[in-house]
Structure formats: C-alpha cells, structure tokens
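Trainee: Below is model_35.cif; it holds mmCIF, C-alpha atoms.
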```
data_upload
loop_
_atom_site.group_PDB
_atom_site.id
_atom_site.type_symbol
_atom_site.label_atom_id
_atom_site.label_comp_id
_atom_site.auth_asym_id
_atom_site.auth_seq_id
_atom_site.Cartn_x
_atom_site.Cartn_y
_atom_site.Cartn_z
ATOM 1 C CA MET A 38 55.045 -24.787 214.030
ATOM 2 C CA GLU A 39 54.203 -26.145 210.599
ATOM 3 C CA ARG A 40 56.862 -25.737 207.920
ATOM 4 C CA ARG A 41 55.159 -23.063 205.852
ATOM 5 C CA VAL A 42 55.832 -19.517 204.685
ATOM 6 C CA SER A 43 52.617 -17.568 204.095
ATOM 7 C CA LEU A 44 53.865 -14.155 203.050
ATOM 8 C CA ILE A 45 57.183 -12.615 202.078
ATOM 9 C CA THR A 46 57.086 -8.875 202.675
ATOM 10 C CA LEU A 47 59.604 -6.667 200.917
ATOM 11 C CA GLY A 48 60.158 -3.277 202.537
ATOM 12 C CA VAL A 49 60.252 -0.623 199.818
ATOM 13 C CA THR A 50 60.929 3.103 199.775
ATOM 14 C CA ASP A 51 58.715 3.916 196.767
ATOM 15 C CA LEU A 52 55.657 1.694 196.504
ATOM 16 C CA GLN A 53 54.690 2.659 192.960
ATOM 17 C CA ARG A 54 58.236 2.162 191.694
ATOM 18 C CA ALA A 55 58.328 -1.288 193.284
ATOM 19 C CA ARG A 56 54.838 -2.155 192.051
ATOM 20 C CA GLU A 57 55.739 -1.148 188.496
ATOM 21 C CA PHE A 58 58.997 -3.147 188.656
ATOM 22 C CA TYR A 59 57.198 -6.328 189.697
ATOM 23 C CA ARG A 60 54.426 -5.666 187.178
ATOM 24 C CA ARG A 61 57.079 -5.630 184.425
ATOM 25 C CA LEU A 62 58.265 -9.019 185.649
ATOM 26 C CA GLY A 63 54.719 -10.321 185.286
ATOM 27 C CA TRP A 64 53.977 -10.149 189.020
ATOM 28 C CA GLN A 65 50.798 -8.078 189.035
ATOM 29 C CA GLY A 66 49.329 -7.418 192.434
ATOM 30 C CA GLN A 67 46.417 -5.791 194.125
ATOM 31 C CA GLU A 68 46.899 -2.566 196.039
ATOM 32 C CA THR A 69 45.023 -1.756 199.216
ATOM 33 C CA GLU A 70 45.944 0.653 201.991
ATOM 34 C CA GLU A 71 49.350 1.462 200.475
ATOM 35 C CA THR A 72 50.238 -2.224 200.321
ATOM 36 C CA VAL A 73 50.565 -4.434 197.244
ATOM 37 C CA PHE A 74 49.671 -8.120 197.555
ATOM 38 C CA ILE A 75 50.819 -10.506 194.824
ATOM 39 C CA GLN A 76 49.640 -14.117 194.816
ATOM 40 C CA ALA A 77 52.613 -16.398 194.085
ATOM 41 C CA GLY A 78 51.574 -20.027 194.234
ATOM 42 C CA ALA A 79 50.826 -21.042 197.797
ATOM 43 C CA LEU A 80 52.108 -17.788 199.274
ATOM 44 C CA GLY A 81 51.880 -14.059 198.814
ATOM 45 C CA LEU A 82 54.607 -11.539 197.988
ATOM 46 C CA VAL A 83 53.848 -8.225 199.665
ATOM 47 C CA LEU A 84 55.265 -4.776 198.926
ATOM 48 C CA TRP A 85 55.008 -2.355 201.846
ATOM 49 C CA SER A 86 56.785 0.702 203.158
ATOM 50 C CA ARG A 87 60.151 -0.277 204.574
ATOM 51 C CA ALA A 88 59.790 2.206 207.439
ATOM 52 C CA LYS A 89 56.308 0.961 208.336
ATOM 53 C CA LEU A 90 57.463 -2.644 208.127
ATOM 54 C CA ALA A 91 60.305 -1.961 210.562
ATOM 55 C CA LEU A 92 57.959 -0.107 212.904
ATOM 56 C CA ASP A 93 55.413 -2.929 212.731
ATOM 57 C CA ALA A 94 58.098 -5.508 213.475
ATOM 58 C CA GLY A 95 59.392 -3.540 216.424
ATOM 59 C CA VAL A 96 62.912 -3.017 215.075
ATOM 60 C CA PRO A 97 64.768 0.177 214.200
ATOM 61 C CA ASP A 98 65.094 0.833 210.456
ATOM 62 C CA GLU A 99 68.771 1.554 210.823
ATOM 63 C CA ARG A 100 71.890 0.535 209.070
ATOM 64 C CA VAL A 101 74.776 0.032 211.416
ATOM 65 C CA PRO A 102 78.463 0.253 210.504
ATOM 66 C CA ASP A 103 80.266 -2.774 209.157
ATOM 67 C CA GLY A 104 81.067 -5.212 211.921
ATOM 68 C CA GLY A 105 77.962 -4.334 213.922
ATOM 69 C CA PRO A 106 74.799 -6.375 214.221
ATOM 70 C CA PRO A 107 72.975 -6.902 210.936
ATOM 71 C CA GLY A 108 70.216 -4.355 211.530
ATOM 72 C CA PHE A 109 66.934 -4.458 209.625
ATOM 73 C CA GLY A 110 67.312 -6.499 206.439
ATOM 74 C CA GLY A 111 64.180 -5.053 204.907
ATOM 75 C CA MET A 112 62.434 -8.386 204.388
ATOM 76 C CA VAL A 113 60.033 -10.246 206.694
ATOM 77 C CA LEU A 114 58.666 -13.783 206.454
ATOM 78 C CA ALA A 115 55.140 -14.337 207.727
ATOM 79 C CA HIS A 116 53.760 -17.592 209.038
ATOM 80 C CA ASN A 117 49.971 -17.425 209.228
ATOM 81 C CA VAL A 118 48.069 -19.706 211.568
ATOM 82 C CA ARG A 119 44.442 -20.576 212.196
ATOM 83 C CA SER A 120 43.723 -18.903 215.547
ATOM 84 C CA PRO A 121 45.057 -16.314 217.991
ATOM 85 C CA ALA A 122 45.839 -19.161 220.414
ATOM 86 C CA GLU A 123 48.074 -20.727 217.769
ATOM 87 C CA VAL A 124 49.924 -17.411 217.428
ATOM 88 C CA ASP A 125 50.651 -17.518 221.165
ATOM 89 C CA GLU A 126 51.788 -21.135 220.931
ATOM 90 C CA VAL A 127 54.240 -20.477 218.105
ATOM 91 C CA MET A 128 55.567 -17.314 219.755
ATOM 92 C CA ALA A 129 56.172 -19.302 222.962
ATOM 93 C CA THR A 130 57.931 -22.056 221.009
ATOM 94 C CA ALA A 131 60.129 -19.468 219.301
ATOM 95 C CA ARG A 132 61.036 -17.802 222.600
ATOM 96 C CA THR A 133 61.989 -21.157 224.075
ATOM 97 C CA ALA A 134 64.023 -21.902 220.954
ATOM 98 C CA GLY A 135 66.060 -18.756 221.504
ATOM 99 C CA ALA A 136 64.269 -16.178 219.369
ATOM 100 C CA THR A 137 64.270 -12.503 220.282
ATOM 101 C CA ILE A 138 60.682 -11.302 220.574
ATOM 102 C CA THR A 139 60.750 -7.932 218.789
ATOM 103 C CA CYS A 140 57.008 -7.321 219.064
ATOM 104 C CA PRO A 141 54.815 -9.369 221.412
ATOM 105 C CA ALA A 142 51.612 -10.722 219.905
ATOM 106 C CA ALA A 143 48.752 -8.225 219.969
ATOM 107 C CA THR A 144 45.659 -7.240 218.033
ATOM 108 C CA THR A 145 46.595 -5.705 214.683
ATOM 109 C CA PHE A 146 45.248 -2.732 212.727
ATOM 110 C CA TYR A 147 43.699 -5.120 210.179
ATOM 111 C CA GLY A 148 41.668 -6.976 212.769
ATOM 112 C CA GLY A 149 44.040 -9.873 213.254
ATOM 113 C CA TYR A 150 46.437 -10.956 215.973
ATOM 114 C CA ALA A 151 50.174 -11.131 215.372
ATOM 115 C CA GLY A 152 53.641 -10.924 216.852
ATOM 116 C CA TYR A 153 57.177 -10.773 215.517
ATOM 117 C CA PHE A 154 60.398 -12.484 216.468
ATOM 118 C CA ALA A 155 63.962 -12.392 215.188
ATOM 119 C CA ASP A 156 65.993 -15.545 214.641
ATOM 120 C CA PRO A 157 69.603 -15.666 215.920
ATOM 121 C CA ASP A 158 70.803 -13.809 212.807
ATOM 122 C CA GLY A 159 68.149 -11.109 213.020
ATOM 123 C CA HIS A 160 65.879 -12.526 210.301
ATOM 124 C CA LEU A 161 62.339 -11.506 211.156
ATOM 125 C CA TRP A 162 59.249 -13.689 211.294
ATOM 126 C CA GLU A 163 55.710 -12.495 211.800
ATOM 127 C CA ILE A 164 53.351 -15.064 213.307
ATOM 128 C CA ALA A 165 49.854 -13.970 212.384
ATOM 129 C CA HIS A 166 46.223 -14.894 212.558
ATOM 130 C CA ASN A 167 44.464 -12.909 209.834
ATOM 131 C CA PRO A 168 40.802 -13.844 209.438
ATOM 132 C CA GLY A 169 40.749 -12.061 206.062
ATOM 133 C CA PHE A 170 43.428 -14.277 204.491
ATOM 134 C CA PRO A 171 42.062 -17.817 204.313
ATOM 135 C CA LEU A 172 44.396 -20.755 204.828
ATOM 136 C CA ALA A 173 43.708 -23.959 202.905
ATOM 137 C CA PRO A 174 43.973 -27.312 204.709
ATOM 138 C CA ASP A 175 47.493 -27.686 203.225
ATOM 139 C CA GLY A 176 48.461 -24.298 204.667
ATOM 140 C CA SER A 177 48.564 -22.396 201.387
ATOM 141 C CA ILE A 178 47.251 -18.847 201.610
ATOM 142 C CA THR A 179 44.914 -17.030 199.251
ATOM 143 C CA ILE A 180 45.088 -13.270 198.896
ATOM 144 C CA PRO A 181 41.508 -11.993 199.141
ATOM 145 C CA ASP A 182 39.980 -9.929 196.345
ATOM 146 C CA PHE A 183 40.895 -6.302 197.022
ATOM 147 C CA GLY A 184 39.956 -5.144 193.522
ATOM 148 C CA PRO A 185 41.479 -5.162 190.026
ATOM 149 C CA GLU A 186 45.167 -6.019 189.652
ATOM 150 C CA MET B 165 58.464 -15.000 184.789
ATOM 151 C CA GLU B 166 56.038 -17.239 186.645
ATOM 152 C CA ARG B 167 54.887 -16.033 190.060
ATOM 153 C CA ARG B 168 56.767 -18.505 192.207
ATOM 154 C CA VAL B 169 59.368 -18.452 194.949
ATOM 155 C CA SER B 170 61.447 -21.638 194.987
ATOM 156 C CA LEU B 171 63.889 -21.030 197.815
ATOM 157 C CA ILE B 172 64.303 -18.484 200.584
ATOM 158 C CA THR B 173 67.928 -18.366 201.692
ATOM 159 C CA LEU B 174 68.783 -16.914 205.075
ATOM 160 C CA GLY B 175 72.369 -15.761 205.454
ATOM 161 C CA VAL B 176 73.666 -16.906 208.829
ATOM 162 C CA THR B 177 76.878 -16.381 210.748
ATOM 163 C CA ASP B 178 76.822 -19.677 212.658
ATOM 164 C CA LEU B 179 75.248 -22.513 210.674
ATOM 165 C CA GLN B 180 74.895 -24.936 213.589
ATOM 166 C CA ARG B 181 73.307 -22.287 215.806
ATOM 167 C CA ALA B 182 70.814 -21.456 213.063
ATOM 168 C CA ARG B 183 70.160 -25.125 212.297
ATOM 169 C CA GLU B 184 69.493 -25.859 215.968
ATOM 170 C CA PHE B 185 67.198 -22.845 216.276
ATOM 171 C CA TYR B 186 65.057 -23.960 213.324
ATOM 172 C CA ARG B 187 65.125 -27.565 214.556
ATOM 173 C CA ARG B 188 63.614 -26.369 217.843
ATOM 174 C CA LEU B 189 60.832 -24.711 215.857
ATOM 175 C CA GLY B 190 60.142 -28.043 214.180
ATOM 176 C CA TRP B 191 61.904 -27.100 210.942
ATOM 177 C CA GLN B 192 64.334 -29.987 210.585
ATOM 178 C CA GLY B 193 66.545 -29.830 207.526
ATOM 179 C CA GLN B 194 69.179 -31.760 205.687
ATOM 180 C CA GLU B 195 72.763 -30.534 205.726
ATOM 181 C CA THR B 196 75.065 -30.866 202.761
ATOM 182 C CA GLU B 197 78.175 -28.867 201.911
ATOM 183 C CA GLU B 198 77.718 -26.472 204.853
ATOM 184 C CA THR B 199 74.187 -25.668 203.733
ATOM 185 C CA VAL B 200 70.913 -26.678 205.400
ATOM 186 C CA PHE B 201 67.869 -27.296 203.193
ATOM 187 C CA ILE B 202 64.426 -27.411 204.832
ATOM 188 C CA GLN B 203 61.381 -28.407 202.799
ATOM 189 C CA ALA B 204 58.524 -26.011 203.583
ATOM 190 C CA GLY B 205 55.493 -26.814 201.491
ATOM 191 C CA ALA B 206 56.116 -25.935 197.869
ATOM 192 C CA LEU B 207 59.419 -24.194 198.592
ATOM 193 C CA GLY B 208 62.637 -24.657 200.496
ATOM 194 C CA LEU B 209 64.092 -22.599 203.331
ATOM 195 C CA VAL B 210 67.871 -22.606 203.111
ATOM 196 C CA LEU B 211 70.459 -21.724 205.769
ATOM 197 C CA TRP B 212 73.832 -20.724 204.360
ATOM 198 C CA SER B 213 76.801 -18.600 205.326
ATOM 199 C CA ARG B 214 75.892 -14.935 205.094
ATOM 200 C CA ALA B 215 79.334 -14.056 203.719
ATOM 201 C CA LYS B 216 79.175 -16.785 201.075
ATOM 202 C CA LEU B 217 75.645 -15.772 200.123
ATOM 203 C CA ALA B 218 76.722 -12.163 199.585
ATOM 204 C CA LEU B 219 79.730 -13.299 197.571
ATOM 205 C CA ASP B 220 77.576 -15.608 195.465
ATOM 206 C CA ALA B 221 75.068 -12.828 194.814
ATOM 207 C CA GLY B 222 77.802 -10.406 193.813
ATOM 208 C CA VAL B 223 77.121 -7.839 196.514
ATOM 209 C CA PRO B 224 79.331 -6.614 199.361
ATOM 210 C CA ASP B 225 78.374 -7.969 202.797
ATOM 211 C CA GLU B 226 78.497 -4.521 204.297
ATOM 212 C CA ARG B 227 76.334 -2.471 206.552
ATOM 213 C CA VAL B 228 76.363 1.163 205.587
ATOM 214 C CA PRO B 229 75.550 4.085 207.886
ATOM 215 C CA ASP B 230 71.979 5.228 208.353
ATOM 216 C CA GLY B 231 70.818 7.195 205.345
ATOM 217 C CA GLY B 232 72.951 5.208 202.938
ATOM 218 C CA PRO B 233 71.778 2.529 200.548
ATOM 219 C CA PRO B 234 70.252 -0.525 202.221
ATOM 220 C CA GLY B 235 73.276 -2.803 201.786
ATOM 221 C CA PHE B 236 72.954 -6.566 201.935
ATOM 222 C CA GLY B 237 69.778 -7.570 203.745
ATOM 223 C CA GLY B 238 71.008 -11.086 204.379
ATOM 224 C CA MET B 239 68.099 -12.821 202.637
ATOM 225 C CA VAL B 240 67.771 -13.955 199.015
ATOM 226 C CA LEU B 241 64.718 -15.228 197.127
ATOM 227 C CA ALA B 242 65.360 -17.839 194.461
ATOM 228 C CA HIS B 243 63.189 -18.469 191.448
ATOM 229 C CA ASN B 244 64.074 -21.784 189.853
ATOM 230 C CA VAL B 245 63.277 -22.462 186.210
ATOM 231 C CA ARG B 246 63.385 -25.440 183.888
ATOM 232 C CA SER B 247 66.341 -24.647 181.623
ATOM 233 C CA PRO B 248 69.419 -22.442 181.291
ATOM 234 C CA ALA B 249 67.661 -20.642 178.424
ATOM 235 C CA GLU B 250 64.817 -19.731 180.771
ATOM 236 C CA VAL B 251 67.360 -18.276 183.216
ATOM 237 C CA ASP B 252 68.614 -16.004 180.436
ATOM 238 C CA GLU B 253 65.053 -15.018 179.508
ATOM 239 C CA VAL B 254 64.104 -14.056 183.060
ATOM 240 C CA MET B 255 67.379 -12.191 183.618
ATOM 241 C CA ALA B 256 66.761 -10.225 180.406
ATOM 242 C CA THR B 257 63.203 -9.446 181.498
ATOM 243 C CA ALA B 258 64.469 -8.254 184.871
ATOM 244 C CA ARG B 259 67.130 -6.049 183.283
ATOM 245 C CA THR B 260 64.531 -4.492 181.005
ATOM 246 C CA ALA B 261 62.262 -3.982 184.017
ATOM 247 C CA GLY B 262 64.960 -1.960 185.757
ATOM 248 C CA ALA B 263 66.729 -4.543 187.885
ATOM 249 C CA THR B 264 70.397 -4.212 188.743
ATOM 250 C CA ILE B 265 72.220 -7.330 187.595
ATOM 251 C CA THR B 266 74.528 -8.091 190.524
ATOM 252 C CA CYS B 267 75.861 -11.360 189.083
ATOM 253 C CA PRO B 268 75.323 -12.282 185.428
ATOM 254 C CA ALA B 269 74.058 -15.788 184.793
ATOM 255 C CA ALA B 270 76.829 -18.376 184.672
ATOM 256 C CA THR B 271 77.507 -22.022 185.430
ATOM 257 C CA THR B 272 77.378 -22.667 189.178
ATOM 258 C CA PHE B 273 79.498 -24.782 191.512
ATOM 259 C CA TYR B 274 76.600 -27.239 191.914
ATOM 260 C CA GLY B 275 76.325 -27.920 188.216
ATOM 261 C CA GLY B 276 73.500 -25.522 187.490
ATOM 262 C CA TYR B 277 73.193 -22.151 185.800
ATOM 263 C CA ALA B 278 72.145 -19.047 187.699
ATOM 264 C CA GLY B 279 72.329 -15.288 187.968
ATOM 265 C CA TYR B 280 71.301 -12.689 190.523
ATOM 266 C CA PHE B 281 69.585 -9.341 190.286
ATOM 267 C CA ALA B 282 68.529 -6.683 192.784
ATOM 268 C CA ASP B 283 65.118 -5.035 192.666
ATOM 269 C CA PRO B 284 64.889 -1.226 193.027
ATOM 270 C CA ASP B 285 65.130 -1.542 196.825
ATOM 271 C CA GLY B 286 68.098 -3.880 196.768
ATOM 272 C CA HIS B 287 66.141 -7.083 197.447
ATOM 273 C CA LEU B 288 68.008 -9.913 195.785
ATOM 274 C CA TRP B 289 66.642 -12.597 193.497
ATOM 275 C CA GLU B 290 68.535 -15.590 192.192
ATOM 276 C CA ILE B 291 67.234 -17.006 188.921
ATOM 277 C CA ALA B 292 68.460 -20.580 188.749
ATOM 278 C CA HIS B 293 68.340 -23.765 186.773
ATOM 279 C CA ASN B 294 69.355 -26.561 189.124
ATOM 280 C CA PRO B 295 68.994 -30.026 187.573
ATOM 281 C CA GLY B 296 69.274 -31.556 191.059
ATOM 282 C CA PHE B 297 66.172 -29.793 192.419
ATOM 283 C CA PRO B 298 63.181 -31.053 190.477
ATOM 284 C CA LEU B 299 60.312 -28.670 189.734
ATOM 285 C CA ALA B 300 56.789 -30.073 189.618
ATOM 286 C CA PRO B 301 54.428 -28.977 186.834
ATOM 287 C CA ASP B 302 52.886 -26.467 189.275
ATOM 288 C CA GLY B 303 56.332 -25.021 189.971
ATOM 289 C CA SER B 304 56.730 -26.396 193.469
ATOM 290 C CA ILE B 305 60.241 -27.525 194.313
ATOM 291 C CA THR B 306 61.360 -30.693 196.065
ATOM 292 C CA ILE B 307 64.582 -30.758 198.052
ATOM 293 C CA PRO B 308 66.455 -33.896 196.991
ATOM 294 C CA ASP B 309 67.465 -36.507 199.521
ATOM 295 C CA PHE B 310 70.844 -35.468 200.928
ATOM 296 C CA GLY B 311 70.654 -37.855 203.879
ATOM 297 C CA PRO B 312 69.036 -37.969 207.326
ATOM 298 C CA GLU B 313 67.477 -34.803 208.707
#
```
Can you turn what I pasted into structure tokens?
Mentor:
Amino acid sequence: MERRVSLITLGVTDLQRAREFYRRLGWQGQETEETVFIQAGALGLVLWSRAKLALDAGVPDERVPDGGPPGFGGMVLAHNVRSPAEVDEVMATARTAGATITCPAATTFYGGYAGYFADPDGHLWEIAHNPGFPLAPDGSITIPDFGPE
Amino acid sequence: MERRVSLITLGVTDLQRAREFYRRLGWQGQETEETVFIQAGALGLVLWSRAKLALDAGVPDERVPDGGPPGFGGMVLAHNVRSPAEVDEVMATARTAGATITCPAATTFYGGYAGYFADPDGHLWEIAHNPGFPLAPDGSITIPDFGPE
C-alpha cells in the first residue's frame, strides 16, 4: 500500500450548509449527485451525507455512550488505486494487518470497485478504484470536471 | 485559506498497536514524544493519543447517545501556514464563516502557534504555524527527521 491519501470525506447533515461554510473559507467545490468535491492540492476534500457515508462504509451511524467503542467518527479517508486487483491486494494486506473489514470490496454505484476497513481504533479507510478520478504517476488525484464550482 | 491539508491526525487509544498496524500496511513512521509521524505524499498522517488530541482541540472526548450532537470523531485535519499572523487570519475567516472556535490560537507546547475550530458538523481543523515542519512553496509539508523509522 503506497503512503497516499486520495480523498478525505466529511459526513455532513446539511450539504448546502457545509458547502457554503467551506465556500466562505475559500474552498469552492463542484457538486454532483448530492456530493461536493473540492480539489485540495494532491487530494480531494469531499462533503457527503453522513448517513449515506456510514451506510456506504458498512458501519452504523450511531453514537454510543461514553466508555463504549468509538462508533462512527463521521470522517473517512480514501486511498485510490489503479485497478480492481490492487483494491483486493490492499484489502487483503489490511485484513492480515488486523483491520476489521466493514464492507468487502465490490462494484460501486459510480462504476468503480471499492471496499472499506476500520483500523484498530475504528478509523475508516476506503480502498477504491475509480476510473473517473485519474491518478497521476505520483499518486495525486484530480477531481474530474463536474461543472462550474 | 489555501486549499491544503497538512496533517491528518488519528486519535488512538494504544499508540504501539496503531503504529504496528500502520507499519504492517507499509506506513512506517517516526515516533517522537508519544506521537508517530508518517510522511504520505504532500501531507503527514499522525498517530496520537485520542484523549490528548481531544484535550488539545478543546473538545470533550465523549460519545453522546444516538440523536445527540456528533461528539468527538477522533480525527483532526491540520492546515499549516507560514506565520502566526496567518493563523490569526485563517481563524478569523473561519469564525466569520460560521465555525465554532474550540480552542483560540495560542502558543503551543512544540514552540508553534495554533488554534482549532469545528465546522458546522463538528469536524475539527487545527490551523497551525509550526516552525519545525517546513512548508514547500506548493504547500506540501515535510516531516522533519526525528530519527529512524
């Protein structure tokens, strides 16, 4: 697994409120299918429904009482790779390393192939092959043109 | 505020367990002062005590019952800038944009100057000037040499 973060997805409860907040910070993004993608250097910051993000990651969007397991933190790191086979390789490496597979790799609604795992503290990683999001040789990702920012 | 993420800090409950997990993924890091820094392209992934991270960010490390506010998600994004004055500028911009200032900017234990804010969904950002972590002209950050990985 290369040392790269491709996307940071923030789960939000009101997409337009979040979009407007980041716009005021100077972080304009493109919206498509109720998702906002913001190019930030070599990676992308993504704003997406918190409930959908939890569902996609295969974890309950629950907050448990103090002292319990951490629950869904509302943020997911994505590591994009160059082929479906590479997704399987990284998922296998993570399982061997002690990750909890929260969602086995499968074809995604956007025509890619991705799976999710949780690290020992419950932090979620999505390992994804997304043909629509090109990766440069150095691993940096470019958000495609979805329309005006 | 430039569109850059400098550090992603994962709050962990057992630093050595987390360090070993990421090492098995191929993400070796350097440990200094009970913190692990892993260079990942233009940014750094950081492993640090979840309790200390919450304390540093000025938020309670609590999990509230379902239906309550999201609580501490256990992950913090850092945006490093080139001067203390720029920290103040970004914090002011964030406040105007509707952020909740969870920890006003102040001198830090590592000799820098930093503050934290929460976005409308509670996602935490640290705005930091850290003279020990050089920023390249393109904003990428380089973890200094703390010793062997």
Trainee: Evaluate the PyMOL selection byres ((chain A) within 8 of (chain B)) against this structure - the residues, as a PDB file with C-alpha atoms, keeping the file's coordinate frame, please.
Mentor:
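Heads up, here's the output in expr.pdb:
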```pdb
ATOM      1  CA  MET A  38      55.045 -24.787 214.030  1.00  0.00           C
ATOM      2  CA  GLU A  39      54.203 -26.145 210.599  1.00  0.00           C
ATOM      3  CA  ARG A  40      56.862 -25.737 207.920  1.00  0.00           C
ATOM      4  CA  ARG A  41      55.159 -23.063 205.852  1.00  0.00           C
ATOM      5  CA  VAL A  42      55.832 -19.517 204.685  1.00  0.00           C
ATOM      6  CA  LEU A  47      59.604  -6.667 200.917  1.00  0.00           C
ATOM      7  CA  GLY A  48      60.158  -3.277 202.537  1.00  0.00           C
ATOM      8  CA  VAL A  49      60.252  -0.623 199.818  1.00  0.00           C
ATOM      9  CA  THR A  50      60.929   3.103 199.775  1.00  0.00           C
ATOM     10  CA  ARG A  54      58.236   2.162 191.694  1.00  0.00           C
ATOM     11  CA  ALA A  55      58.328  -1.288 193.284  1.00  0.00           C
ATOM     12  CA  PHE A  58      58.997  -3.147 188.656  1.00  0.00           C
ATOM     13  CA  TYR A  59      57.198  -6.328 189.697  1.00  0.00           C
ATOM     14  CA  ARG A  61      57.079  -5.630 184.425  1.00  0.00           C
ATOM     15  CA  LEU A  62      58.265  -9.019 185.649  1.00  0.00           C
ATOM     16  CA  GLY A  63      54.719 -10.321 185.286  1.00  0.00           C
ATOM     17  CA  TRP A  64      53.977 -10.149 189.020  1.00  0.00           C
ATOM     18  CA  GLN A  76      49.640 -14.117 194.816  1.00  0.00           C
ATOM     19  CA  ALA A  77      52.613 -16.398 194.085  1.00  0.00           C
ATOM     20  CA  GLY A  78      51.574 -20.027 194.234  1.00  0.00           C
ATOM     21  CA  ALA A  79      50.826 -21.042 197.797  1.00  0.00           C
ATOM     22  CA  GLU A  99      68.771   1.554 210.823  1.00  0.00           C
ATOM     23  CA  ARG A 100      71.890   0.535 209.070  1.00  0.00           C
ATOM     24  CA  VAL A 101      74.776   0.032 211.416  1.00  0.00           C
ATOM     25  CA  PRO A 102      78.463   0.253 210.504  1.00  0.00           C
ATOM     26  CA  ASP A 103      80.266  -2.774 209.157  1.00  0.00           C
ATOM     27  CA  GLY A 104      81.067  -5.212 211.921  1.00  0.00           C
ATOM     28  CA  GLY A 105      77.962  -4.334 213.922  1.00  0.00           C
ATOM     29  CA  PRO A 107      72.975  -6.902 210.936  1.00  0.00           C
ATOM     30  CA  PHE A 109      66.934  -4.458 209.625  1.00  0.00           C
ATOM     31  CA  GLY A 110      67.312  -6.499 206.439  1.00  0.00           C
ATOM     32  CA  GLY A 111      64.180  -5.053 204.907  1.00  0.00           C
ATOM     33  CA  MET A 112      62.434  -8.386 204.388  1.00  0.00           C
ATOM     34  CA  THR A 130      57.931 -22.056 221.009  1.00  0.00           C
ATOM     35  CA  ALA A 131      60.129 -19.468 219.301  1.00  0.00           C
ATOM     36  CA  ALA A 134      64.023 -21.902 220.954  1.00  0.00           C
ATOM     37  CA  GLY A 135      66.060 -18.756 221.504  1.00  0.00           C
ATOM     38  CA  ALA A 136      64.269 -16.178 219.369  1.00  0.00           C
ATOM     39  CA  ASP A 156      65.993 -15.545 214.641  1.00  0.00           C
ATOM     40  CA  PRO A 157      69.603 -15.666 215.920  1.00  0.00           C
ATOM     41  CA  ASP A 158      70.803 -13.809 212.807  1.00  0.00           C
ATOM     42  CA  HIS A 160      65.879 -12.526 210.301  1.00  0.00           C
TER      43      HIS A 160
END
```
Trainee: Taking the file as shown, find all residues satisfying the PyMOL selection byres ((chain B and resi 264-276) around 8) and write them as a list in words.
Mentor: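 Expected selection for the PyMOL selection byres ((chain B and resi 264-276) around 8) here is Asp220, Ala221, Gly222, Val223, Val251, Asp252, Met255, Arg259, Gly262, Ala263, Tyr277, Ala278, Gly279, Tyr280, Phe281, Ala282, Asp283, Pro284, Ala292, His293, Asn294 and Pro295 of chain B.
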Trainee: Interatomic distance between atom CA of B:Ile305 and atom CA of B:Ser170?
Mentor: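 That distance, rounded to one decimal, is 6.0 Å.
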Trainee: Give as a list of chain:residue names every residue, naming chains and numbers as the document does, that has an atom within 6 Å of (68.7, -26.7, 208.4), counting all atoms listed in the file.
Mentor: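 Output of the proximity query reads B:Arg183, B:Gln192, B:Gly193, B:Gln194, B:Val200, B:Phe201, B:Ile202, B:Leu211.
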Trainee: Which residues are close to A:Ala115, i.e. within 6 Å by all atoms listed in the file, leaving aside same-chain residues fewer than 6 positions away? Reply as an MDAnalysis selection string.
Mentor: chainID A and resid 43:44 162:164
Trainee: Show me, as lines of an AutoDock Vina configuration file, the centre and edge lengths in Å to one decimal of the axis-aligned box that covers every listed atom of stretch 256-272 of chain B with 3 Å on each side.
Mentor:
```
center_x = 69.9
center_y = -12.3
center_z = 185.5
size_x = 21.2
size_y = 26.7
size_z = 16.1
```
Trainee: What gap, in Å, lies between atom CA of A:Ser120 and atom CA of A:Leu161?
Mentor: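 Computed distance, atom CA of A:Ser120 to atom CA of A:Leu161, equals 20.5 Å.
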Trainee: Any idea what's packed within 8 Å of B:Glu198, counting only C-alpha atoms, ignoring anything in its chain fewer than 3 positions away? Could you give it as a PyMOL selection string?
Mentor: chain B and resi 179+195+212-213
